[in-house]
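Enquirer: protein12.csv is reproduced in full below (CSV, C-alpha atoms).
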chain,number,residue,atom,x,y,z
G,1,MET,CA,-5.0,3.9,15.3
G,2,ILE,CA,-3.4,3.5,18.7
G,3,ALA,CA,-3.7,7.3,19.4
G,4,ALA,CA,-7.4,7.2,18.5
G,5,ALA,CA,-8.0,4.2,20.8
G,6,GLU,CA,-6.1,5.8,23.7
G,7,GLY,CA,-7.4,9.3,23.3
G,8,TYR,CA,-4.1,11.0,22.2
G,9,GLN,CA,-3.8,13.7,19.6
G,10,CYS,CA,-1.6,12.4,16.7
G,11,LEU,CA,0.4,14.6,14.3
G,12,VAL,CA,2.3,12.8,11.6
G,13,THR,CA,4.9,14.3,9.3
G,14,VAL,CA,5.5,12.4,6.0
G,15,PRO,CA,7.5,12.9,2.8
G,16,ALA,CA,5.9,14.2,-0.4
G,17,LYS,CA,5.9,10.7,-2.0
G,18,THR,CA,3.5,9.3,0.6
G,19,SER,CA,0.5,7.9,-1.2
G,20,SER,CA,-2.8,9.7,-0.9
G,21,GLU,CA,-4.4,6.4,0.4
G,22,LYS,CA,-2.0,6.2,3.3
G,23,ILE,CA,-2.6,9.9,4.2
G,24,ARG,CA,-6.4,9.5,3.9
G,25,THR,CA,-6.3,6.4,6.2
G,26,MET,CA,-4.4,8.3,8.9
G,27,GLU,CA,-6.8,11.2,8.6
G,28,LEU,CA,-9.7,8.9,9.0
G,29,PHE,CA,-8.3,7.7,12.3
G,30,GLY,CA,-8.1,11.4,13.4
G,31,ALA,CA,-4.5,12.2,12.8
G,32,GLU,CA,-3.3,15.5,11.5
G,33,VAL,CA,-0.9,14.8,8.6
G,34,ARG,CA,1.7,17.3,7.4
G,35,VAL,CA,3.4,16.6,4.1
G,36,SER,CA,7.0,17.8,3.5
G,37,PRO,CA,8.0,19.4,0.1
G,38,GLN,CA,9.3,17.2,-2.6
G,39,GLY,CA,13.0,16.5,-2.8
G,40,VAL,CA,14.2,18.2,0.4
G,41,SER,CA,17.5,17.0,1.8
G,42,VAL,CA,18.0,15.1,5.0
G,43,ASN,CA,19.6,18.3,6.5
G,44,SER,CA,16.7,20.6,5.5
G,45,PRO,CA,14.5,21.9,8.3
G,46,GLU,CA,11.6,20.9,6.0
G,47,HIS,CA,12.6,17.2,5.9
G,48,ASP,CA,9.8,15.2,7.5
G,49,VAL,CA,11.9,13.9,10.4
G,50,ASN,CA,13.3,17.4,11.2
G,51,ARG,CA,9.8,18.8,11.1
G,52,ALA,CA,8.6,16.2,13.6
G,53,ARG,CA,11.5,16.9,15.9
G,54,ARG,CA,10.9,20.6,15.8
G,55,LEU,CA,7.2,20.1,16.5
G,56,ALA,CA,7.9,17.9,19.4
G,57,GLU,CA,10.2,20.6,20.9
G,58,THR,CA,7.5,23.3,20.6
G,59,LEU,CA,4.2,21.6,21.3
G,60,PRO,CA,3.4,21.3,25.1
G,61,GLY,CA,3.3,17.7,26.3
G,62,ALA,CA,4.5,16.3,22.9
G,63,VAL,CA,6.3,13.0,22.6
G,64,LEU,CA,8.4,12.3,19.5
G,65,LEU,CA,8.2,8.8,18.1
G,66,ASN,CA,11.1,8.6,15.7
G,67,GLN,CA,11.6,5.0,14.5
G,68,TYR,CA,14.5,6.0,12.3
G,69,GLN,CA,16.8,6.8,15.3
G,70,SER,CA,15.5,4.0,17.5
G,71,GLN,CA,17.8,1.2,18.6
G,72,ASP,CA,14.9,-0.8,20.1
G,73,GLN,CA,15.3,-4.6,19.6
G,74,ASP,CA,11.5,-5.2,19.7
G,75,ASN,CA,11.0,-4.6,16.0
G,76,ILE,CA,13.7,-7.0,15.0
G,77,ASP,CA,12.6,-9.6,17.5
G,78,ALA,CA,9.0,-9.4,16.2
G,79,HIS,CA,10.2,-10.7,12.8
G,80,TYR,CA,12.7,-13.1,14.3
G,81,ASP,CA,10.1,-14.7,16.5
G,82,GLY,CA,7.0,-14.3,14.3
G,83,THR,CA,7.6,-13.7,10.6
G,84,ASP,CA,10.6,-15.9,10.2
G,85,PRO,CA,9.4,-19.2,11.7
G,86,LYS,CA,6.4,-18.9,9.4
G,87,ILE,CA,8.6,-18.4,6.3
G,88,TRP,CA,10.8,-21.3,7.3
G,89,GLU,CA,7.8,-23.6,7.9
G,90,ASP,CA,6.0,-22.6,4.7
G,91,MET,CA,9.1,-23.1,2.6
G,92,ASP,CA,9.9,-26.5,4.3
G,93,GLY,CA,13.3,-25.1,5.3
G,94,ARG,CA,14.3,-24.8,1.6
G,95,VAL,CA,15.4,-21.2,1.0
G,96,ASP,CA,18.2,-20.2,-1.2
G,97,TYR,CA,17.7,-16.4,-1.5
G,98,LEU,CA,16.0,-13.6,0.5
G,99,VAL,CA,15.3,-10.5,-1.5
G,100,ALA,CA,14.3,-7.8,0.9
G,101,ALA,CA,13.9,-4.0,1.1
G,102,ALA,CA,15.1,-1.9,4.0
G,103,SER,CA,14.1,1.5,5.2
G,104,PHE,CA,14.2,1.5,9.0
G,105,GLY,CA,15.9,-1.9,8.7
G,106,GLY,CA,14.3,-4.0,11.4
G,107,THR,CA,12.4,-6.3,9.1
G,108,VAL,CA,15.3,-7.4,6.9
G,109,ARG,CA,17.6,-7.7,10.0
G,110,GLY,CA,15.3,-10.0,11.9
G,111,ILE,CA,14.5,-12.2,8.9
G,112,ALA,CA,18.1,-12.4,7.6
G,113,ARG,CA,19.4,-13.3,11.1
G,114,TYR,CA,16.9,-16.1,11.5
G,115,LEU,CA,17.4,-17.6,8.1
G,116,LYS,CA,21.2,-17.4,8.2
G,117,GLU,CA,21.3,-19.1,11.6
G,118,ARG,CA,19.6,-22.0,10.1
G,119,ASN,CA,21.5,-22.0,6.8
G,120,PRO,CA,24.5,-19.7,6.4
G,121,ASP,CA,24.5,-20.3,2.7
G,122,ILE,CA,21.3,-18.4,2.2
G,123,GLN,CA,22.0,-15.3,0.1
G,124,VAL,CA,20.4,-12.1,1.4
G,125,ILE,CA,19.9,-9.5,-1.4
G,126,MET,CA,18.7,-6.0,-0.6
G,127,HIS,CA,16.8,-4.3,-3.4
G,128,ASP,CA,17.3,-0.5,-3.1
G,129,PRO,CA,15.8,2.3,-5.2
G,130,LYS,CA,18.2,4.4,-7.1
G,131,GLY,CA,18.6,7.6,-5.1
G,132,SER,CA,18.7,5.8,-1.7
G,133,ALA,CA,21.8,5.8,0.5
G,134,PHE,CA,22.1,2.0,0.9
G,135,PHE,CA,23.6,1.0,-2.4
G,136,ASP,CA,26.6,3.3,-2.1
G,137,TYR,CA,27.0,2.7,1.7
G,138,PHE,CA,27.2,-1.1,1.1
G,139,HIS,CA,29.8,-0.7,-1.7
G,140,THR,CA,31.9,2.2,-0.5
G,141,GLY,CA,31.0,2.8,3.2
G,142,LYS,CA,29.7,6.3,2.4
G,143,PRO,CA,26.0,7.2,1.8
G,144,ASP,CA,26.8,9.3,-1.2
G,145,ALA,CA,24.7,10.2,-4.3
G,146,VAL,CA,21.4,10.5,-2.4
G,147,SER,CA,18.6,11.9,-4.5
G,148,SER,CA,14.8,11.9,-4.6
G,149,TYR,CA,12.8,8.8,-5.7
G,150,ARG,CA,9.1,7.9,-5.7
G,151,ILE,CA,9.2,4.4,-4.3
G,152,GLU,CA,7.6,4.0,-0.8
G,153,GLY,CA,8.7,1.4,1.8
G,154,ALA,CA,12.3,0.9,0.4
G,155,GLY,CA,15.4,2.9,0.8
G,156,LYS,CA,16.3,5.9,2.9
G,157,ASP,CA,18.3,9.1,2.6
G,158,GLY,CA,20.6,8.1,5.6
G,159,ILE,CA,21.8,5.1,7.6
G,160,CYS,CA,19.7,4.2,10.7
G,161,PRO,CA,21.3,2.9,13.9
G,162,ILE,CA,19.4,-0.4,13.7
G,163,HIS,CA,20.9,-1.4,10.3
G,164,ASP,CA,23.2,-4.4,10.2
G,165,PHE,CA,24.8,-4.7,6.7
G,166,SER,CA,26.9,-7.6,7.9
G,167,LEU,CA,23.8,-9.8,7.3
G,168,ILE,CA,23.5,-8.5,3.7
G,169,ASP,CA,25.3,-10.3,0.9
G,170,ARG,CA,24.4,-8.0,-2.0
G,171,VAL,CA,22.7,-4.7,-2.6
G,172,GLU,CA,21.1,-4.2,-6.0
G,173,SER,CA,19.6,-1.0,-7.3
G,174,PHE,CA,16.5,-0.4,-9.4
G,175,THR,CA,14.8,2.7,-10.8
G,176,ASP,CA,11.3,4.1,-10.2
G,177,GLU,CA,10.5,3.5,-13.9
G,178,GLU,CA,11.6,-0.2,-13.7
G,179,ALA,CA,9.5,-0.8,-10.6
G,180,PHE,CA,6.3,0.9,-11.7
G,181,ALA,CA,6.4,-0.8,-15.1
G,182,LEU,CA,6.4,-4.1,-13.4
G,183,VAL,CA,3.6,-3.0,-11.0
G,184,GLN,CA,1.4,-2.2,-14.0
G,185,ARG,CA,2.3,-5.5,-15.6
G,186,LEU,CA,1.3,-7.4,-12.5
G,187,ALA,CA,-2.0,-5.6,-12.4
G,188,CYS,CA,-2.8,-6.1,-16.1
G,189,GLN,CA,-1.5,-9.7,-16.6
G,190,GLU,CA,-1.8,-11.3,-13.1
G,191,GLY,CA,-4.6,-9.2,-11.5
G,192,LEU,CA,-2.3,-8.4,-8.6
G,193,LEU,CA,-2.4,-4.9,-7.1
G,194,VAL,CA,0.9,-4.3,-5.5
G,195,GLY,CA,3.1,-1.3,-4.6
G,196,GLY,CA,6.3,0.0,-6.0
G,197,CYS,CA,8.4,-1.8,-3.5
G,198,ALA,CA,7.1,-5.2,-4.8
G,199,GLY,CA,7.8,-3.9,-8.3
G,200,GLY,CA,11.4,-3.2,-7.2
G,201,VAL,CA,11.8,-6.8,-6.0
G,202,LEU,CA,10.8,-8.2,-9.4
G,203,ALA,CA,13.1,-5.7,-11.2
G,204,VAL,CA,16.1,-6.9,-9.2
G,205,ILE,CA,15.2,-10.6,-9.6
G,206,ASN,CA,14.9,-10.1,-13.4
G,207,LYS,CA,18.4,-8.6,-13.4
G,208,LEU,CA,19.7,-11.5,-11.3
G,209,ASN,CA,18.1,-14.3,-13.2
G,210,ASN,CA,21.2,-15.3,-15.2
G,211,ASN,CA,23.3,-15.4,-12.0
G,212,ILE,CA,20.9,-17.3,-9.7
G,213,ARG,CA,21.6,-20.9,-9.0
G,214,PRO,CA,19.3,-23.3,-10.9
G,215,ALA,CA,16.2,-24.6,-9.1
G,216,SER,CA,16.6,-22.0,-6.4
G,217,ARG,CA,13.8,-20.9,-4.1
G,218,ALA,CA,13.6,-17.3,-3.1
G,219,VAL,CA,11.6,-15.4,-0.5
G,220,GLU,CA,10.5,-11.9,-1.5
G,221,GLU,CA,9.9,-9.5,1.4
G,222,THR,CA,8.1,-6.2,0.7
G,223,ILE,CA,6.2,-3.6,2.7
Represent the structure contained in this file as structure tokens.

Expert:
Amino acid sequence: MIAAAEGYQCLVTVPAKTSSEKIRTMELFGAEVRVSPQGVSVNSPEHDVNRARRLAETLPGAVLLNQYQSQDQDNIDAHYDGTDPKIWEDMDGRVDYLVAAASFGGTVRGIARYLKERNPDIQVIMHDPKGSAFFDYFHTGKPDAVSSYRIEGAGKDGICPIHDFSLIDRVESFTDEEAFALVQRLACQEGLLVGGCAGGVLAVINKLNNNIRPASRAVEETI
């Protein structure tokens, strides 16, 4: 959108699981979208980030925008200064749990920092798709057992510089099947059209129901 407004050519590399709606929207803004093969590893030259890096090195006058290696504070501050005060206000300062996804990591870091500064007892739970690196990294310190998964907007096949796991109290995993079953249920029973990341939130909350403090109030953050 910004490239179209400013007159730049825009070339976007994306993983195979990217929804057709997202790809079509980018194309409508004039972007050229290149889709990486399904299931390639983070070290493969065909991985979307590696393809973008290679294109930036070979195309004259190209600039690489790689959010996953960025350490820019602006993304975190945008949520700390904007999203979080609104959450705190709407919840009347009564928050017990934040259930949030991470990919790049700026959203959950900004929200978690704001909430914990106001109440250190708030529990921050990251919901992470099975196959992502975050669950194993949180529990063992190593991003092992990475594999492909279909959920968009949650998880990653590596750890980004901006991640801060010291703000996370628990990481709980869920499967594609669990998330998409709940997406379908929300559509059929509640008339809500949501994505797989939102289904993942509900999958994790369902697993935690027996361990959540009675009369608790939870904030669910999805992309």

Enquirer: I'd like the neighbourhood of Ala181 (chain G) as a PyMOL selection string, where a residue qualifies if any of its atoms comes within 10 Å (using only C-alpha atoms), though same-chain residues fewer than 5 positions away should be ignored.

Expert: chain G and resi 176+186+196+199-200+203

Enquirer: With distances taken over all atoms listed in the file, which of G:Ala112, G:Ala78, G:Val14, G:Ile23 is nearest to Asn50 (chain G)?

Expert: G:Val14

Enquirer: In Å to one decimal, how far is CA of Ala154 (chain G) from CA of Ala187 (chain G)?

Expert: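 Between these atoms lies a distance of 20.3 Å.
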
Enquirer: I'd like the neighbourhood of Arg113 (chain G) as number ranges by chain, where a residue qualifies if any of its atoms comes within 8 Å (using all atoms listed in the file), though same-chain residues fewer than 4 positions away should be ignored.

Expert: G: 80, 109, 117, 167

Enquirer: Output as JSON lines one row per residue of region 67-154 of chain G within 10 Å of region 16-20 of chain G: the closest atom pair and its distance in Å to one decimal place, counting all atoms listed in the file, sorted by chain and residue number ascending.

Expert:
{"residue": "G:Ser148", "atom": "CA", "partner": "G:Lys17", "partner_atom": "CA", "distance": 9.3}
{"residue": "G:Tyr149", "atom": "CA", "partner": "G:Lys17", "partner_atom": "CA", "distance": 8.1}
{"residue": "G:Arg150", "atom": "CA", "partner": "G:Lys17", "partner_atom": "CA", "distance": 5.6}
{"residue": "G:Ile151", "atom": "CA", "partner": "G:Lys17", "partner_atom": "CA", "distance": 7.5}
{"residue": "G:Glu152", "atom": "CA", "partner": "G:Thr18", "partner_atom": "CA", "distance": 6.8}
{"residue": "G:Gly153", "atom": "CA", "partner": "G:Thr18", "partner_atom": "CA", "distance": 9.5}

Enquirer: Name the closest residue to Asp169 (chain G) among the candidates G:Gln123, G:Thr107, G:Ser41, G:Gln69; distances are taken between atoms, counting all atoms listed in the file.

Expert: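 Looking only at the distances to Asp169 (chain G), the closest residue turns out to be G:Gln123.
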
Enquirer: Return the single residue from G:Ile87, G:Ala145, G:Leu55, G:Leu208 that is closest to Gly158 (chain G), with distances computed using all atoms listed in the file.

Expert: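 Closest candidate: G:Ala145.
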
Enquirer: Find the distance between CA of Ile125 (chain G) and CA of Glu178 (chain G) and write it in Å to one decimal.

Expert: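 For CA of Ile125 (chain G) relative to CA of Glu178 (chain G), the distance reads 17.5 Å.
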
Enquirer: Could you list, as a list in words, every residue within 8 Å of region 24-35 of chain G, counting only C-alpha atoms and ignoring same-chain residues fewer than 3 positions away?

Expert: Met1, Ala4, Gln9, Cys10, Leu11, Val12, Thr13, Val14, Pro15, Ala16, Ser20, Glu21 and Asp48 of chain G

Enquirer: For the selection just defined, write its residues with C-alpha atoms to a file, as a PDB file, in the frame of the given file.

Expert:
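Result went into selection-v1.pdb, see below:
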ATOM      1  CA  MET G   1      -5.000   3.900  15.300  1.00  0.00           C
ATOM      2  CA  ALA G   4      -7.400   7.200  18.500  1.00  0.00           C
ATOM      3  CA  GLN G   9      -3.800  13.700  19.600  1.00  0.00           C
ATOM      4  CA  CYS G  10      -1.600  12.400  16.700  1.00  0.00           C
ATOM      5  CA  LEU G  11       0.400  14.600  14.300  1.00  0.00           C
ATOM      6  CA  VAL G  12       2.300  12.800  11.600  1.00  0.00           C
ATOM      7  CA  THR G  13       4.900  14.300   9.300  1.00  0.00           C
ATOM      8  CA  VAL G  14       5.500  12.400   6.000  1.00  0.00           C
ATOM      9  CA  PRO G  15       7.500  12.900   2.800  1.00  0.00           C
ATOM     10  CA  ALA G  16       5.900  14.200  -0.400  1.00  0.00           C
ATOM     11  CA  SER G  20      -2.800   9.700  -0.900  1.00  0.00           C
ATOM     12  CA  GLU G  21      -4.400   6.400   0.400  1.00  0.00           C
ATOM     13  CA  ASP G  48       9.800  15.200   7.500  1.00  0.00           C
TER      14      ASP G  48
END

Enquirer: Which residues are close to Val201 (chain G), i.e. within 7 Å by all atoms listed in the file, leaving aside same-chain residues fewer than 2 positions away? Reply as a ChimeraX atom specification.

Expert: /G:99,127,197-199,203-205,220

Enquirer: Calculate, to one decimal in Å, the centre and edge lengths of the box along x, y and z of the file that holds all listed atoms of region 105-114 of chain G with 8 Å of margin on each side, and present them as JSON.

Expert:
{"center_x": 15.9, "center_y": -9.0, "center_z": 9.4, "size_x": 23.0, "size_y": 30.2, "size_z": 21.0}

Enquirer: Between CA of Pro120 (chain G) and CA of Ala100 (chain G), measure the distance and give it in Å to one decimal.

Expert: 16.6 Å

Enquirer: Between G:Trp88, G:Tyr97, G:Phe104, G:Tyr8, which residue has the minimum interatomic distance to Ile76 (chain G), considering all atoms listed in the file?

Expert: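 Once distances to Ile76 (chain G) are computed over all atoms listed in the file, the minimum belongs to G:Phe104.
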
Enquirer: For a quick check of your reading of the model, name the residues lying within 12 Å of the coordinate (2.3, 15.3, 23.9), counting only C-alpha atoms, and write them as a list in words.

Expert: Ala3, Gly7, Tyr8, Gln9, Cys10, Leu11, Leu55, Ala56, Glu57, Thr58, Leu59, Pro60, Gly61, Ala62, Val63, Leu64 and Leu65 of chain G

Enquirer: Point out the residue among G:Ile159, G:Asp164, G:Gly82, G:Ser44 with the least atom-to-atom distance to Lys142 (chain G), counting all atoms listed in the file.

Expert: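 Using all atoms listed in the file, Lys142 (chain G) sits closest to G:Ile159.
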
Enquirer: Could you check the closest approach to Ile168 (chain G) for each of G:His139, G:Arg213, G:Lys207, G:Arg53 and tell me which residue wins, using all atoms listed in the file?

Expert: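 Using all atoms listed in the file, the shortest distance to Ile168 (chain G) belongs to G:His139.
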
Enquirer: Using all atoms listed in the file, which protein or nucleic acid residues come within 10 Å of Gln71 (chain G)? Drop anything in the same chain fewer than 3 positions from it, and give the result as a list in words.

Expert: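 So the residues in contact are Gln67, Tyr68, Asp74, Asn75, Ile76, Gly106, Cys160, Pro161, Ile162 and His163 of chain G.
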